[in-house]
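*Asks:* This is the content of input26.cif (mmCIF, C-alpha atoms (C1' of nucleotides)):
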data_start
#
loop_
_atom_site.group_PDB
_atom_site.id
_atom_site.type_symbol
_atom_site.label_atom_id
_atom_site.label_comp_id
_atom_site.auth_asym_id
_atom_site.auth_seq_id
_atom_site.Cartn_x
_atom_site.Cartn_y
_atom_site.Cartn_z
ATOM 1 C CA MET A 298 15.796 18.449 -4.876
ATOM 2 C CA ILE A 299 15.208 15.019 -3.395
ATOM 3 C CA ASP A 300 11.995 13.087 -3.964
ATOM 4 C CA THR A 301 10.809 12.441 -0.448
ATOM 5 C CA VAL A 302 7.887 10.228 -1.414
ATOM 6 C CA LYS A 303 10.076 8.087 -3.662
ATOM 7 C CA ILE A 304 12.656 7.599 -0.937
ATOM 8 C CA ALA A 305 9.929 6.665 1.523
ATOM 9 C CA LYS A 306 8.595 4.120 -0.970
ATOM 10 C CA ALA A 307 12.034 2.581 -1.366
ATOM 11 C CA LEU A 308 12.333 2.282 2.414
ATOM 12 C CA SER A 309 8.820 0.893 2.792
ATOM 13 C CA ASP A 310 9.671 -2.684 1.915
ATOM 14 C CA PRO A 311 11.068 -4.955 4.648
ATOM 15 C CA ILE A 312 13.460 -6.685 2.250
ATOM 16 C CA ARG A 313 14.890 -3.422 1.004
ATOM 17 C CA TYR A 314 15.192 -2.174 4.557
ATOM 18 C CA LYS A 315 17.152 -5.289 5.445
ATOM 19 C CA ILE A 316 19.427 -4.793 2.445
ATOM 20 C CA MET A 317 20.068 -1.242 3.634
ATOM 21 C CA LEU A 318 20.931 -2.535 7.092
ATOM 22 C CA MET A 319 23.370 -5.044 5.629
ATOM 23 C CA LEU A 320 25.014 -2.316 3.592
ATOM 24 C CA ALA A 321 25.266 -0.083 6.645
ATOM 25 C CA GLN A 322 26.947 -2.889 8.554
ATOM 26 C CA GLY A 323 29.155 -3.569 5.551
ATOM 27 C CA LYS A 324 30.129 -7.080 6.496
ATOM 28 C CA GLY A 325 30.494 -9.107 3.335
ATOM 29 C CA GLU A 326 31.569 -12.729 3.173
ATOM 30 C CA CYS A 327 30.987 -13.635 -0.419
ATOM 31 C CA CYS A 328 33.081 -11.477 -2.698
ATOM 32 C CA PRO A 329 36.760 -10.691 -2.413
ATOM 33 C CA ILE A 330 36.917 -7.107 -1.259
ATOM 34 C CA SER A 331 39.698 -5.937 0.925
ATOM 35 C CA GLY A 332 39.702 -3.328 3.633
ATOM 36 C CA GLN A 333 43.313 -2.280 3.587
ATOM 37 C CA GLU A 334 43.318 0.344 0.857
ATOM 38 C CA GLU A 335 43.463 4.023 1.575
ATOM 39 C CA ASP A 336 40.093 4.784 0.009
ATOM 40 C CA PHE A 337 38.318 1.671 1.256
ATOM 41 C CA ARG A 338 34.568 1.776 1.592
ATOM 42 C CA PRO A 339 32.532 -1.157 2.771
ATOM 43 C CA GLY A 340 30.399 -2.499 -0.043
ATOM 44 C CA LEU A 341 28.527 -5.635 -0.879
ATOM 45 C CA CYS A 342 27.775 -7.439 -4.108
ATOM 46 C CA ASN A 343 24.484 -8.796 -5.318
ATOM 47 C CA CYS A 344 25.330 -12.379 -4.518
ATOM 48 C CA GLU A 345 25.923 -11.405 -0.904
ATOM 49 C CA PHE A 346 22.215 -10.688 -0.519
ATOM 50 C CA VAL A 347 21.229 -13.812 -2.373
ATOM 51 C CA ALA A 348 23.286 -15.799 0.106
ATOM 52 C CA ALA A 349 22.039 -13.933 3.164
ATOM 53 C CA THR A 350 18.349 -13.849 2.330
ATOM 54 C CA GLY A 351 17.754 -16.952 0.250
ATOM 55 C CA MET A 352 16.062 -14.881 -2.430
ATOM 56 C CA ILE A 353 16.589 -15.714 -6.071
ATOM 57 C CA GLN A 354 18.944 -13.478 -7.974
ATOM 58 C CA SER A 355 16.431 -11.648 -10.144
ATOM 59 C CA ARG A 356 14.462 -10.650 -7.074
ATOM 60 C CA VAL A 357 17.519 -9.162 -5.387
ATOM 61 C CA SER A 358 18.397 -7.384 -8.615
ATOM 62 C CA TYR A 359 14.934 -5.831 -8.744
ATOM 63 C CA HIS A 360 15.185 -4.479 -5.206
ATOM 64 C CA MET A 361 18.698 -3.149 -5.713
ATOM 65 C CA LYS A 362 17.435 -1.203 -8.693
ATOM 66 C CA GLU A 363 14.663 0.328 -6.613
ATOM 67 C CA LEU A 364 17.198 1.478 -4.041
ATOM 68 C CA VAL A 365 19.542 2.865 -6.665
ATOM 69 C CA ASP A 366 16.697 4.721 -8.370
ATOM 70 C CA ALA A 367 15.748 6.319 -5.073
ATOM 71 C CA GLY A 368 19.347 7.409 -4.575
ATOM 72 C CA LEU A 369 19.687 5.440 -1.352
ATOM 73 C CA ILE A 370 22.601 3.356 -2.630
ATOM 74 C CA THR A 371 25.208 3.644 -5.331
ATOM 75 C CA GLU A 372 26.614 0.893 -7.506
ATOM 76 C CA GLU A 373 30.012 0.305 -8.933
ATOM 77 C CA PRO A 374 31.087 -2.511 -11.267
ATOM 78 C CA ARG A 375 34.096 -4.511 -10.165
ATOM 79 C CA GLY A 376 34.881 -7.052 -12.782
ATOM 80 C CA LYS A 377 32.011 -9.427 -13.046
ATOM 81 C CA TRP A 378 30.580 -8.314 -9.739
ATOM 82 C CA LYS A 379 28.725 -5.165 -8.947
ATOM 83 C CA MET A 380 29.373 -3.566 -5.609
ATOM 84 C CA TYR A 381 26.786 -1.560 -3.748
ATOM 85 C CA PHE A 382 27.382 1.222 -1.247
ATOM 86 C CA ILE A 383 24.963 2.983 1.038
ATOM 87 C CA ASN A 384 24.440 6.650 0.214
ATOM 88 C CA THR A 385 24.229 8.376 3.552
ATOM 89 C CA LYS A 386 23.962 11.737 1.858
ATOM 90 C CA THR A 387 20.497 10.948 0.526
ATOM 91 C CA LEU A 388 19.414 9.629 3.904
ATOM 92 C CA LYS A 389 20.628 12.799 5.535
ATOM 93 C CA GLN A 390 18.792 14.990 3.026
ATOM 94 C CA TYR A 391 15.670 12.897 3.487
ATOM 95 C CA CYS A 392 15.641 13.423 7.241
ATOM 96 C CA GLU A 393 16.362 17.110 6.833
ATOM 97 C CA GLN A 394 13.478 17.452 4.410
ATOM 98 C CA LEU A 395 11.114 15.674 6.802
ATOM 99 C CA ALA A 396 12.180 17.994 9.589
ATOM 100 C CA GLN A 397 11.666 21.005 7.388
ATOM 101 C CA ASP A 398 8.299 19.871 6.065
ATOM 102 C CA PHE A 399 6.714 18.674 9.258
ATOM 103 C CA VAL A 400 8.476 19.757 12.375
ATOM 104 C CA VAL A 401 9.894 23.185 11.896
ATOM 105 C CA LYS A 402 6.510 24.567 10.737
ATOM 106 C CA MET B 158 9.784 0.562 19.398
ATOM 107 C CA ILE B 159 8.616 2.270 16.236
ATOM 108 C CA ASP B 160 7.948 0.390 13.013
ATOM 109 C CA THR B 161 10.225 2.122 10.566
ATOM 110 C CA VAL B 162 9.016 0.263 7.496
ATOM 111 C CA LYS B 163 5.378 0.981 8.347
ATOM 112 C CA ILE B 164 6.051 4.672 8.783
ATOM 113 C CA ALA B 165 7.919 4.760 5.478
ATOM 114 C CA LYS B 166 4.965 3.074 3.811
ATOM 115 C CA ALA B 167 2.591 5.659 5.230
ATOM 116 C CA LEU B 168 4.814 8.438 3.897
ATOM 117 C CA SER B 169 5.232 6.777 0.508
ATOM 118 C CA ASP B 170 1.943 7.977 -0.951
ATOM 119 C CA PRO B 171 1.820 11.482 -2.466
ATOM 120 C CA ILE B 172 -1.690 12.117 -1.164
ATOM 121 C CA ARG B 173 -0.777 11.167 2.377
ATOM 122 C CA TYR B 174 2.344 13.286 2.145
ATOM 123 C CA LYS B 175 0.203 16.224 1.095
ATOM 124 C CA ILE B 176 -2.172 15.614 3.970
ATOM 125 C CA MET B 177 0.803 15.645 6.325
ATOM 126 C CA LEU B 178 1.975 18.931 4.845
ATOM 127 C CA MET B 179 -1.463 20.452 5.335
ATOM 128 C CA LEU B 180 -1.502 19.302 8.949
ATOM 129 C CA ALA B 181 1.961 20.727 9.517
ATOM 130 C CA GLN B 182 0.816 24.049 8.126
ATOM 131 C CA GLY B 183 -2.346 23.814 10.192
ATOM 132 C CA LYS B 184 -4.367 26.274 8.172
ATOM 133 C CA GLY B 185 -7.962 25.137 8.227
ATOM 134 C CA GLU B 186 -10.851 26.966 6.630
ATOM 135 C CA CYS B 187 -13.679 24.510 6.930
ATOM 136 C CA CYS B 188 -14.358 23.697 10.549
ATOM 137 C CA PRO B 189 -14.816 26.101 13.425
ATOM 138 C CA ILE B 190 -11.664 25.751 15.473
ATOM 139 C CA SER B 191 -10.285 28.657 17.332
ATOM 140 C CA GLY B 192 -6.712 29.574 18.062
ATOM 141 C CA GLN B 193 -7.184 31.627 21.194
ATOM 142 C CA GLU B 194 -7.193 28.956 23.879
ATOM 143 C CA GLU B 195 -4.274 28.281 26.137
ATOM 144 C CA ASP B 196 -3.764 24.720 24.918
ATOM 145 C CA PHE B 197 -4.502 25.384 21.264
ATOM 146 C CA ARG B 198 -3.019 23.021 18.722
ATOM 147 C CA PRO B 199 -3.596 23.427 15.025
ATOM 148 C CA GLY B 200 -5.713 20.589 13.676
ATOM 149 C CA LEU B 201 -7.819 19.845 10.671
ATOM 150 C CA CYS B 202 -10.946 17.825 10.110
ATOM 151 C CA ASN B 203 -11.629 15.264 7.451
ATOM 152 C CA CYS B 204 -13.803 17.581 5.391
ATOM 153 C CA GLU B 205 -10.898 20.012 5.155
ATOM 154 C CA PHE B 206 -9.003 17.553 3.011
ATOM 155 C CA VAL B 207 -12.053 16.727 0.946
ATOM 156 C CA ALA B 208 -12.387 20.426 0.167
ATOM 157 C CA ALA B 209 -8.699 20.977 -0.525
ATOM 158 C CA THR B 210 -8.035 17.919 -2.655
ATOM 159 C CA GLY B 211 -11.351 17.194 -4.350
ATOM 160 C CA MET B 212 -11.200 13.602 -3.187
ATOM 161 C CA ILE B 213 -14.352 11.813 -2.121
ATOM 162 C CA GLN B 214 -14.844 11.396 1.585
ATOM 163 C CA SER B 215 -14.245 7.654 1.869
ATOM 164 C CA ARG B 216 -10.919 8.029 0.144
ATOM 165 C CA VAL B 217 -9.749 10.679 2.581
ATOM 166 C CA SER B 218 -10.986 8.538 5.449
ATOM 167 C CA TYR B 219 -8.922 5.611 4.208
ATOM 168 C CA HIS B 220 -5.734 7.645 4.036
ATOM 169 C CA MET B 221 -6.277 9.235 7.439
ATOM 170 C CA LYS B 222 -6.545 5.762 8.907
ATOM 171 C CA GLU B 223 -3.268 4.744 7.328
ATOM 172 C CA LEU B 224 -1.561 7.752 8.875
ATOM 173 C CA VAL B 225 -3.123 7.142 12.266
ATOM 174 C CA ASP B 226 -2.101 3.465 12.187
ATOM 175 C CA ALA B 227 1.482 4.460 11.450
ATOM 176 C CA GLY B 228 1.414 6.847 14.402
ATOM 177 C CA LEU B 229 2.116 9.846 12.209
ATOM 178 C CA ILE B 230 -1.051 11.678 13.221
ATOM 179 C CA THR B 231 -3.486 11.565 16.097
ATOM 180 C CA GLU B 232 -7.239 11.977 15.982
ATOM 181 C CA GLU B 233 -9.675 13.545 18.387
ATOM 182 C CA PRO B 234 -13.460 13.672 18.052
ATOM 183 C CA ARG B 235 -14.991 17.105 18.358
ATOM 184 C CA GLY B 236 -18.732 16.813 18.104
ATOM 185 C CA LYS B 237 -19.616 15.499 14.709
ATOM 186 C CA TRP B 238 -16.199 16.324 13.357
ATOM 187 C CA LYS B 239 -12.966 14.513 13.912
ATOM 188 C CA MET B 240 -9.860 16.606 14.256
ATOM 189 C CA TYR B 241 -6.431 15.404 13.182
ATOM 190 C CA PHE B 242 -3.087 16.510 14.541
ATOM 191 C CA ILE B 243 0.391 15.815 13.292
ATOM 192 C CA ASN B 244 2.488 13.688 15.627
ATOM 193 C CA THR B 245 5.927 15.183 15.459
ATOM 194 C CA LYS B 246 7.157 12.755 18.096
ATOM 195 C CA THR B 247 6.834 9.811 15.726
ATOM 196 C CA LEU B 248 8.530 11.733 12.941
ATOM 197 C CA LYS B 249 11.376 12.567 15.267
ATOM 198 C CA GLN B 250 11.766 8.948 16.353
ATOM 199 C CA TYR B 251 11.636 7.842 12.742
ATOM 200 C CA CYS B 252 14.511 10.116 11.756
ATOM 201 C CA GLU B 253 16.492 9.093 14.802
ATOM 202 C CA GLN B 254 16.029 5.443 13.953
ATOM 203 C CA LEU B 255 17.168 6.001 10.371
ATOM 204 C CA ALA B 256 20.251 7.780 11.632
ATOM 205 C CA GLN B 257 20.978 4.972 14.037
ATOM 206 C CA ASP B 258 20.387 2.204 11.515
ATOM 207 C CA PHE B 259 22.209 3.643 8.558
ATOM 208 C CA VAL B 260 24.456 6.518 9.369
ATOM 209 C CA VAL B 261 26.008 6.032 12.769
ATOM 210 C CA LYS B 262 27.284 2.537 11.814
ATOM 211 C "C1'" DT C 20 -38.302 12.440 17.093
ATOM 212 C "C1'" DG C 21 -36.736 13.243 12.428
ATOM 213 C "C1'" DC C 22 -33.513 15.288 9.273
ATOM 214 C "C1'" DA C 23 -28.994 16.815 7.930
ATOM 215 C "C1'" DT C 24 -24.106 16.402 8.383
ATOM 216 C "C1'" DA C 25 -19.556 14.027 9.243
ATOM 217 C "C1'" DT C 26 -17.115 9.969 9.297
ATOM 218 C "C1'" DA C 27 -16.423 4.768 8.946
ATOM 219 C "C1'" DT C 28 -16.787 0.513 6.666
ATOM 220 C "C1'" DC C 29 -17.477 -2.728 3.049
ATOM 221 C "C1'" DA C 30 -17.256 -5.152 -1.374
ATOM 222 C "C1'" DA C 31 -15.934 -4.745 -6.028
ATOM 223 C "C1'" DA C 32 -13.041 -2.813 -9.409
ATOM 224 C "C1'" DG C 33 -8.896 -0.809 -10.786
ATOM 225 C "C1'" DT C 34 -4.071 -0.017 -10.311
ATOM 226 C "C1'" DT C 35 0.532 -0.741 -8.883
ATOM 227 C "C1'" DA C 36 4.157 -3.550 -6.854
ATOM 228 C "C1'" DT C 37 6.410 -7.893 -6.224
ATOM 229 C "C1'" DT C 38 7.828 -12.493 -7.400
ATOM 230 C "C1'" DT C 39 9.139 -16.100 -10.400
ATOM 231 C "C1'" DG C 40 11.309 -18.556 -14.172
ATOM 232 C "C1'" DA C 41 13.395 -18.027 -18.479
ATOM 233 C "C1'" DT C 42 16.556 -15.812 -21.180
ATOM 234 C "C1'" DA C 43 20.069 -12.211 -22.426
ATOM 235 C "C1'" DT C 44 24.259 -9.487 -21.593
ATOM 236 C "C1'" DG C 45 28.836 -8.979 -20.179
ATOM 237 C "C1'" DA C 46 33.137 -10.171 -17.766
ATOM 238 C "C1'" DT C 47 36.583 -13.745 -16.391
ATOM 239 C "C1'" DG C 48 39.753 -17.214 -17.106
ATOM 240 C "C1'" DA C 49 41.174 -21.693 -19.118
ATOM 241 C "C1'" DT D 172 37.254 -19.084 -28.479
ATOM 242 C "C1'" DC D 173 34.438 -21.402 -25.104
ATOM 243 C "C1'" DA D 174 32.583 -22.353 -20.649
ATOM 244 C "C1'" DT D 175 31.362 -20.250 -16.431
ATOM 245 C "C1'" DC D 176 29.772 -16.908 -13.364
ATOM 246 C "C1'" DA D 177 27.304 -12.529 -11.999
ATOM 247 C "C1'" DT D 178 23.871 -9.538 -13.132
ATOM 248 C "C1'" DA D 179 19.937 -7.529 -15.965
ATOM 249 C "C1'" DT D 180 15.680 -7.839 -18.221
ATOM 250 C "C1'" DC D 181 11.333 -9.631 -19.617
ATOM 251 C "C1'" DA D 182 6.635 -11.582 -19.554
ATOM 252 C "C1'" DA D 183 3.341 -13.782 -16.786
ATOM 253 C "C1'" DA D 184 1.423 -14.653 -12.338
ATOM 254 C "C1'" DT D 185 0.498 -13.177 -7.848
ATOM 255 C "C1'" DA D 186 -0.108 -10.085 -4.179
ATOM 256 C "C1'" DA D 187 -0.816 -5.643 -2.195
ATOM 257 C "C1'" DC D 188 -2.617 -1.233 -2.321
ATOM 258 C "C1'" DT D 189 -5.946 2.334 -3.803
ATOM 259 C "C1'" DT D 190 -10.293 4.023 -5.408
ATOM 260 C "C1'" DT D 191 -15.125 4.098 -5.853
ATOM 261 C "C1'" DG D 192 -19.986 3.858 -4.694
ATOM 262 C "C1'" DA D 193 -23.133 2.209 -1.440
ATOM 263 C "C1'" DT D 194 -24.431 1.804 3.085
ATOM 264 C "C1'" DA D 195 -23.965 2.208 8.241
ATOM 265 C "C1'" DT D 196 -23.036 4.760 12.498
ATOM 266 C "C1'" DA D 197 -23.042 8.750 15.201
ATOM 267 C "C1'" DT D 198 -23.634 13.602 16.363
ATOM 268 C "C1'" DG D 199 -26.137 18.042 16.274
ATOM 269 C "C1'" DC D 200 -30.039 20.684 15.597
ATOM 270 C "C1'" DA D 201 -34.920 21.957 14.517
#
Would you write the structure of this file as structure tokens?
*Replies:*
Amino acid sequence: MIDTVKIAKALSDPIRYKIMLMLAQGKGECCPISGQEEDFRPGLCNCEFVAATGMIQSRVSYHMKELVDAGLITEEPRGKWKMYFINTKTLKQYCEQLAQDFVVK
Amino acid sequence: MIDTVKIAKALSDPIRYKIMLMLAQGKGECCPISGQEEDFRPGLCNCEFVAATGMIQSRVSYHMKELVDAGLITEEPRGKWKMYFINTKTLKQYCEQLAQDFVVK
DNA sequence: TGCATATATCAAAGTTATTTGATATGATGA
DNA sequence: TCATCATATCAAATAACTTTGATATATGCA
């Protein structure tokens, strides 16, 4: 069962929302990821957000953790980088839960 | 245009989420509203939440204002009471925006 | 009018979240 | 191994949010 309030809290910060948007767009410029493989998924590393937002690294790290904890993104180590991917499944479940709780009566 | 982050913030408090659930259920016991009229909409007054949650009145009032400001509920004075109604339109727009921002790419 | 009830607002206190700077961990590559 | 780079974690400071108790406003009714 998803934690609707926790997901809402994760989405309730403008910086985290922007990070989510960047992940959804999936356009990275910083780290060497390729898009030719069979199982390619767009992902971005921590330093991508540092570059794009001007925030210091520890601040980005804190927000990434919040998003991971809420299940909105997943992380995957790649060498010394860590790649992040948006988790559309959680977003879908979140919307479905909202619909069930509030709309469908 | 809806403010997605603001709506998420309004939904990110467990008390406000509970209030929303109560409004969606629309089962009031405190104030004299009838369900026979042609244009009847289920609504609840402030004191309903005070009774159901044990919170003091000013606290409920604060949270109702947060929900109203986010557009998640509407309010309507009825004599000395104020009735609240869930605004499913905003919830719908919120979900649509999430889908557009994060899922549809 | 005067009293009771319902809600709003305010300031102060309490709590939680965010930011920063420093330091630690862990991987890479010379 | 050693230096470098990317990320994580921590403690302290700051900022934002929530709660409370007191008071104000407004309506309804005797």
*Asks:* Give me, as JSON lines, each residue of chain B that comes within 10 Å of chain A, together with its shortest interatomic pair and the distance in Å at one decimal, counting only C-alpha atoms, with rows ordered by chain and rising residue number.
*Replies:*
{"residue": "B:Thr161", "atom": "CA", "partner": "A:Ser309", "partner_atom": "CA", "distance": 8.0}
{"residue": "B:Val162", "atom": "CA", "partner": "A:Ser309", "partner_atom": "CA", "distance": 4.8}
{"residue": "B:Lys163", "atom": "CA", "partner": "A:Ser309", "partner_atom": "CA", "distance": 6.5}
{"residue": "B:Ile164", "atom": "CA", "partner": "A:Ser309", "partner_atom": "CA", "distance": 7.6}
{"residue": "B:Ala165", "atom": "CA", "partner": "A:Ser309", "partner_atom": "CA", "distance": 4.8}
{"residue": "B:Lys166", "atom": "CA", "partner": "A:Ser309", "partner_atom": "CA", "distance": 4.5}
{"residue": "B:Ala167", "atom": "CA", "partner": "A:Ser309", "partner_atom": "CA", "distance": 8.2}
{"residue": "B:Leu168", "atom": "CA", "partner": "A:Ala305", "partner_atom": "CA", "distance": 5.9}
{"residue": "B:Ser169", "atom": "CA", "partner": "A:Lys306", "partner_atom": "CA", "distance": 4.5}
{"residue": "B:Asp170", "atom": "CA", "partner": "A:Val302", "partner_atom": "CA", "distance": 6.4}
{"residue": "B:Pro171", "atom": "CA", "partner": "A:Val302", "partner_atom": "CA", "distance": 6.3}
{"residue": "B:Ile172", "atom": "CA", "partner": "A:Val302", "partner_atom": "CA", "distance": 9.8}
{"residue": "B:Arg173", "atom": "CA", "partner": "A:Val302", "partner_atom": "CA", "distance": 9.5}
{"residue": "B:Tyr174", "atom": "CA", "partner": "A:Val302", "partner_atom": "CA", "distance": 7.3}
{"residue": "B:Met177", "atom": "CA", "partner": "A:Phe399", "partner_atom": "CA", "distance": 7.3}
{"residue": "B:Leu178", "atom": "CA", "partner": "A:Phe399", "partner_atom": "CA", "distance": 6.5}
{"residue": "B:Met179", "atom": "CA", "partner": "A:Phe399", "partner_atom": "CA", "distance": 9.2}
{"residue": "B:Leu180", "atom": "CA", "partner": "A:Phe399", "partner_atom": "CA", "distance": 8.2}
{"residue": "B:Ala181", "atom": "CA", "partner": "A:Phe399", "partner_atom": "CA", "distance": 5.2}
{"residue": "B:Gln182", "atom": "CA", "partner": "A:Lys402", "partner_atom": "CA", "distance": 6.3}
{"residue": "B:Gly183", "atom": "CA", "partner": "A:Lys402", "partner_atom": "CA", "distance": 8.9}
{"residue": "B:Ile243", "atom": "CA", "partner": "A:Phe399", "partner_atom": "CA", "distance": 8.0}
{"residue": "B:Asn244", "atom": "CA", "partner": "A:Val400", "partner_atom": "CA", "distance": 9.1}
{"residue": "B:Thr245", "atom": "CA", "partner": "A:Val400", "partner_atom": "CA", "distance": 6.1}
{"residue": "B:Lys246", "atom": "CA", "partner": "A:Val400", "partner_atom": "CA", "distance": 9.1}
{"residue": "B:Leu248", "atom": "CA", "partner": "A:Leu395", "partner_atom": "CA", "distance": 7.7}
{"residue": "B:Lys249", "atom": "CA", "partner": "A:Ala396", "partner_atom": "CA", "distance": 7.9}
{"residue": "B:Tyr251", "atom": "CA", "partner": "A:Cys392", "partner_atom": "CA", "distance": 8.8}
{"residue": "B:Cys252", "atom": "CA", "partner": "A:Cys392", "partner_atom": "CA", "distance": 5.7}
{"residue": "B:Glu253", "atom": "CA", "partner": "A:Cys392", "partner_atom": "CA", "distance": 8.8}
{"residue": "B:Leu255", "atom": "CA", "partner": "A:Leu388", "partner_atom": "CA", "distance": 7.7}
{"residue": "B:Ala256", "atom": "CA", "partner": "A:Lys389", "partner_atom": "CA", "distance": 7.9}
{"residue": "B:Gln257", "atom": "CA", "partner": "A:Ala321", "partner_atom": "CA", "distance": 9.9}
{"residue": "B:Asp258", "atom": "CA", "partner": "A:Leu318", "partner_atom": "CA", "distance": 6.5}
{"residue": "B:Phe259", "atom": "CA", "partner": "A:Ala321", "partner_atom": "CA", "distance": 5.2}
{"residue": "B:Val260", "atom": "CA", "partner": "A:Thr385", "partner_atom": "CA", "distance": 6.1}
{"residue": "B:Val261", "atom": "CA", "partner": "A:Ala321", "partner_atom": "CA", "distance": 8.7}
{"residue": "B:Lys262", "atom": "CA", "partner": "A:Ala321", "partner_atom": "CA", "distance": 6.1}
*Asks:* Running the PyMOL selection byres ((chain B) within 12 of (chain C)) on this model by hand, what would come out? Give it as a ChimeraX atom specification.
*Replies:* /B:170,188,202-205,207,213-219,221-222,234-240
*Asks:* Could you check the closest approach to chain D for each of B:Val225, B:Ile176, B:Met158, B:Met212 and tell me which residue wins, using all atoms listed in the file?
*Replies:*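 Closest residue, counting all atoms listed in the file: B:Met212.
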*Asks:* What gap, in Å, lies between CA of Gln254 (chain B) and CA of Ile159 (chain B)?
*Replies:*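 That distance, rounded to one decimal, is 8.4 Å.
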*Asks:* Take the PyMOL selection byres ((chain D) within 8 of (chain A)), apply it to the structure above, and return the hits as an MDAnalysis selection string.
*Replies:* chainID D and resid 176:179
*Asks:* At what distance in Å, to one decimal, does CA of Lys315 (chain A) lie from CA of Thr350 (chain A)?
*Replies:*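 These two atoms are separated by 9.2 Å.
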*Asks:* Go ahead and compute the interatomic distance for CA of Thr387 (chain A) and CA of Thr247 (chain B), in Å to one decimal.
*Replies:*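 These atoms are spaced 20.5 Å apart.
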*Asks:* Mind filling out region 349-364 of chain A with N, CA and C atoms and sending it as an mmCIF file, keeping the file's coordinate frame?
*Replies:*
data_model
loop_
_atom_site.group_PDB
_atom_site.id
_atom_site.type_symbol
_atom_site.label_atom_id
_atom_site.label_comp_id
_atom_site.auth_asym_id
_atom_site.auth_seq_id
_atom_site.Cartn_x
_atom_site.Cartn_y
_atom_site.Cartn_z
ATOM 1 N N ALA A 349 22.517 -14.275 1.829
ATOM 2 C CA ALA A 349 22.039 -13.933 3.164
ATOM 3 C C ALA A 349 20.525 -14.077 3.303
ATOM 4 N N THR A 350 19.808 -13.886 2.224
ATOM 5 C CA THR A 350 18.349 -13.849 2.330
ATOM 6 C C THR A 350 17.664 -15.057 1.710
ATOM 7 N N GLY A 351 18.370 -15.805 0.891
ATOM 8 C CA GLY A 351 17.754 -16.952 0.250
ATOM 9 C C GLY A 351 16.901 -16.597 -0.950
ATOM 10 N N MET A 352 16.854 -15.305 -1.277
ATOM 11 C CA MET A 352 16.062 -14.881 -2.430
ATOM 12 C C MET A 352 16.762 -15.254 -3.724
ATOM 13 N N ILE A 353 15.982 -15.454 -4.778
ATOM 14 C CA ILE A 353 16.589 -15.714 -6.071
ATOM 15 C C ILE A 353 17.178 -14.422 -6.618
ATOM 16 N N GLN A 354 18.115 -14.592 -7.519
ATOM 17 C CA GLN A 354 18.944 -13.478 -7.974
ATOM 18 C C GLN A 354 18.147 -12.351 -8.620
ATOM 19 N N SER A 355 17.175 -12.692 -9.433
ATOM 20 C CA SER A 355 16.431 -11.648 -10.144
ATOM 21 C C SER A 355 15.628 -10.781 -9.171
ATOM 22 N N ARG A 356 15.217 -11.390 -8.077
ATOM 23 C CA ARG A 356 14.462 -10.650 -7.074
ATOM 24 C C ARG A 356 15.368 -9.641 -6.369
ATOM 25 N N VAL A 357 16.560 -10.074 -6.005
ATOM 26 C CA VAL A 357 17.519 -9.162 -5.387
ATOM 27 C C VAL A 357 17.839 -8.021 -6.349
ATOM 28 N N SER A 358 18.058 -8.384 -7.601
ATOM 29 C CA SER A 358 18.397 -7.384 -8.615
ATOM 30 C C SER A 358 17.303 -6.318 -8.717
ATOM 31 N N TYR A 359 16.068 -6.762 -8.679
ATOM 32 C CA TYR A 359 14.934 -5.831 -8.744
ATOM 33 C C TYR A 359 14.969 -4.837 -7.570
ATOM 34 N N HIS A 360 15.189 -5.353 -6.385
ATOM 35 C CA HIS A 360 15.185 -4.479 -5.206
ATOM 36 C C HIS A 360 16.388 -3.540 -5.188
ATOM 37 N N MET A 361 17.519 -4.025 -5.645
ATOM 38 C CA MET A 361 18.698 -3.149 -5.713
ATOM 39 C C MET A 361 18.427 -1.973 -6.634
ATOM 40 N N LYS A 362 17.748 -2.252 -7.735
ATOM 41 C CA LYS A 362 17.435 -1.203 -8.693
ATOM 42 C C LYS A 362 16.512 -0.147 -8.070
ATOM 43 N N GLU A 363 15.566 -0.599 -7.297
ATOM 44 C CA GLU A 363 14.663 0.328 -6.613
ATOM 45 C C GLU A 363 15.440 1.268 -5.686
ATOM 46 N N LEU A 364 16.406 0.682 -4.984
ATOM 47 C CA LEU A 364 17.198 1.478 -4.041
ATOM 48 C C LEU A 364 18.119 2.446 -4.770
#
